[in-house]
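Text of run-v9.txt (compact mmCIF, C-alpha atoms) as supplied:
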```
# COMPACT_ATOMS: atom_id res chain seq x y z
CA MET A 1 -24.68 10.39 113.35
CA GLY A 2 -28.41 9.83 113.21
CA ARG A 3 -30.16 6.49 113.31
CA ASP A 4 -30.98 6.66 109.57
CA GLN A 5 -27.35 7.34 108.68
CA LEU A 6 -26.19 4.49 110.91
CA ASN A 7 -28.66 2.07 109.32
CA ALA A 8 -27.52 3.14 105.84
CA TRP A 9 -23.87 2.68 106.82
CA ILE A 10 -24.57 -0.78 108.24
CA ALA A 11 -26.42 -1.82 105.06
CA GLN A 12 -23.54 -0.63 102.86
CA PHE A 13 -20.99 -2.38 105.08
CA LYS A 14 -22.95 -5.64 104.95
CA GLN A 15 -23.11 -5.42 101.14
CA LEU A 16 -19.40 -4.65 100.87
CA MET A 17 -18.41 -7.45 103.22
CA ALA A 18 -20.80 -10.07 101.86
CA SER A 19 -19.15 -13.48 101.76
CA ASP A 20 -19.71 -13.85 98.00
CA THR A 21 -18.04 -10.49 97.34
CA VAL A 22 -15.04 -11.26 99.53
CA ASP A 23 -14.67 -14.79 98.13
CA THR A 24 -14.80 -13.52 94.55
CA LEU A 25 -12.22 -10.84 95.30
CA GLY A 26 -9.98 -13.41 96.99
CA ARG A 27 -10.22 -15.82 94.05
CA ASP A 28 -9.63 -13.05 91.49
CA THR A 29 -6.50 -11.84 93.28
CA GLY A 30 -5.26 -15.37 94.04
CA LEU A 31 -5.22 -14.77 97.80
CA CYS A 32 -8.04 -17.17 98.65
CA LEU A 33 -9.13 -20.38 97.02
CA ARG A 34 -11.69 -21.70 99.50
CA ARG A 35 -15.14 -20.58 100.56
CA ARG A 36 -15.36 -19.09 104.03
CA GLN A 37 -17.27 -20.87 106.77
CA ILE A 38 -17.75 -17.57 108.64
CA THR A 39 -18.84 -14.41 106.88
CA PRO A 40 -16.66 -11.33 107.21
CA TRP A 41 -19.64 -9.50 108.77
CA ARG A 42 -19.95 -12.10 111.55
CA LEU A 43 -16.20 -12.05 112.11
CA THR A 44 -16.21 -8.25 112.44
CA VAL A 45 -19.17 -8.26 114.81
CA SER A 46 -17.61 -10.99 116.96
CA LEU A 47 -14.43 -8.96 117.31
CA LEU A 48 -16.35 -5.89 118.49
```
Mind converting the file's structure to structure tokens?
Amino acid sequence: MGRDQLNAWIAQFKQLMASDTVDTLGRDTGLCLRRRQITPWRLTVSLL
């Protein structure tokens, strides 16, 4: 995987895991009613 592909993948992942996107999905499905204090991106990076 080249550097350009990696940067594109990271940008898409950040967009997919944006806190607003995840919060909206959680509210729409009824699985989450509160706003997150930590973004999913930061949580993922901290676990790596």
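For segment 14-19 of chain A, the residues within 10 Å (counting only C-alpha atoms, excluding itself and residues fewer than 6 positions away along the chain) are Ala8, Leu25, Arg35, Arg36, Gln37, Ile38, Thr39, Pro40, Trp41, Arg42 and Thr44 of chain A.
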Atom-to-atom span, atom CA of Gln5 of chain A and atom CA of Gly26 of chain A, Å: 29.5 Å
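One distance worth recording is that between atom CA of Gly30 of chain A and atom CA of Leu48 of chain A, which is 28.5 Å.
The interatomic distance for the pair atom CA of Thr29 of chain A and atom CA of Trp9 of chain A works out to 26.4 Å.
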Could you add N, CA and C atoms to segment 17-38 of chain A and give me the result as a CSV table (one decimal), in the coordinates of the input?
```csv
chain,number,residue,atom,x,y,z
A,17,MET,N,-19.1,-6.3,102.6
A,17,MET,CA,-18.4,-7.4,103.2
A,17,MET,C,-19.2,-8.8,103.1
A,18,ALA,N,-20.1,-8.8,102.1
A,18,ALA,CA,-20.8,-10.1,101.9
A,18,ALA,C,-19.8,-11.2,101.5
A,19,SER,N,-20.1,-12.4,102.0
A,19,SER,CA,-19.2,-13.5,101.8
A,19,SER,C,-18.9,-13.7,100.3
A,20,ASP,N,-19.9,-13.6,99.4
A,20,ASP,CA,-19.7,-13.8,98.0
A,20,ASP,C,-18.8,-12.8,97.4
A,21,THR,N,-18.9,-11.6,97.8
A,21,THR,CA,-18.0,-10.5,97.3
A,21,THR,C,-16.6,-10.7,97.8
A,22,VAL,N,-16.4,-11.0,99.0
A,22,VAL,CA,-15.0,-11.3,99.5
A,22,VAL,C,-14.4,-12.5,98.9
A,23,ASP,N,-15.2,-13.6,98.8
A,23,ASP,CA,-14.7,-14.8,98.1
A,23,ASP,C,-14.3,-14.6,96.7
A,24,THR,N,-15.1,-13.8,95.9
A,24,THR,CA,-14.8,-13.5,94.6
A,24,THR,C,-13.5,-12.7,94.4
A,25,LEU,N,-13.4,-11.7,95.3
A,25,LEU,CA,-12.2,-10.8,95.3
A,25,LEU,C,-11.0,-11.7,95.6
A,26,GLY,N,-11.1,-12.5,96.6
A,26,GLY,CA,-10.0,-13.4,97.0
A,26,GLY,C,-9.6,-14.3,95.9
A,27,ARG,N,-10.5,-14.9,95.2
A,27,ARG,CA,-10.2,-15.8,94.0
A,27,ARG,C,-9.6,-15.0,92.9
A,28,ASP,N,-10.1,-13.9,92.6
A,28,ASP,CA,-9.6,-13.0,91.5
A,28,ASP,C,-8.2,-12.6,91.7
A,29,THR,N,-7.9,-12.3,93.0
A,29,THR,CA,-6.5,-11.8,93.3
A,29,THR,C,-5.6,-13.0,93.6
A,30,GLY,N,-6.1,-14.2,93.7
A,30,GLY,CA,-5.3,-15.4,94.0
A,30,GLY,C,-4.9,-15.5,95.5
A,31,LEU,N,-5.5,-14.7,96.4
A,31,LEU,CA,-5.2,-14.8,97.8
A,31,LEU,C,-6.1,-15.8,98.6
A,32,CYS,N,-7.1,-16.2,98.0
A,32,CYS,CA,-8.0,-17.2,98.6
A,32,CYS,C,-8.6,-18.1,97.6
A,33,LEU,N,-8.6,-19.4,97.9
A,33,LEU,CA,-9.1,-20.4,97.0
A,33,LEU,C,-10.3,-21.1,97.6
A,34,ARG,N,-10.6,-21.0,98.9
A,34,ARG,CA,-11.7,-21.7,99.5
A,34,ARG,C,-12.8,-20.8,99.9
A,35,ARG,N,-14.0,-21.4,100.1
A,35,ARG,CA,-15.1,-20.6,100.6
A,35,ARG,C,-15.0,-20.5,102.1
A,36,ARG,N,-15.4,-19.3,102.6
A,36,ARG,CA,-15.4,-19.1,104.0
A,36,ARG,C,-16.5,-19.7,104.8
A,37,GLN,N,-16.2,-20.3,105.9
A,37,GLN,CA,-17.3,-20.9,106.8
A,37,GLN,C,-17.9,-19.8,107.6
A,38,ILE,N,-17.2,-18.7,107.9
A,38,ILE,CA,-17.8,-17.6,108.6
A,38,ILE,C,-17.7,-16.4,107.7
```
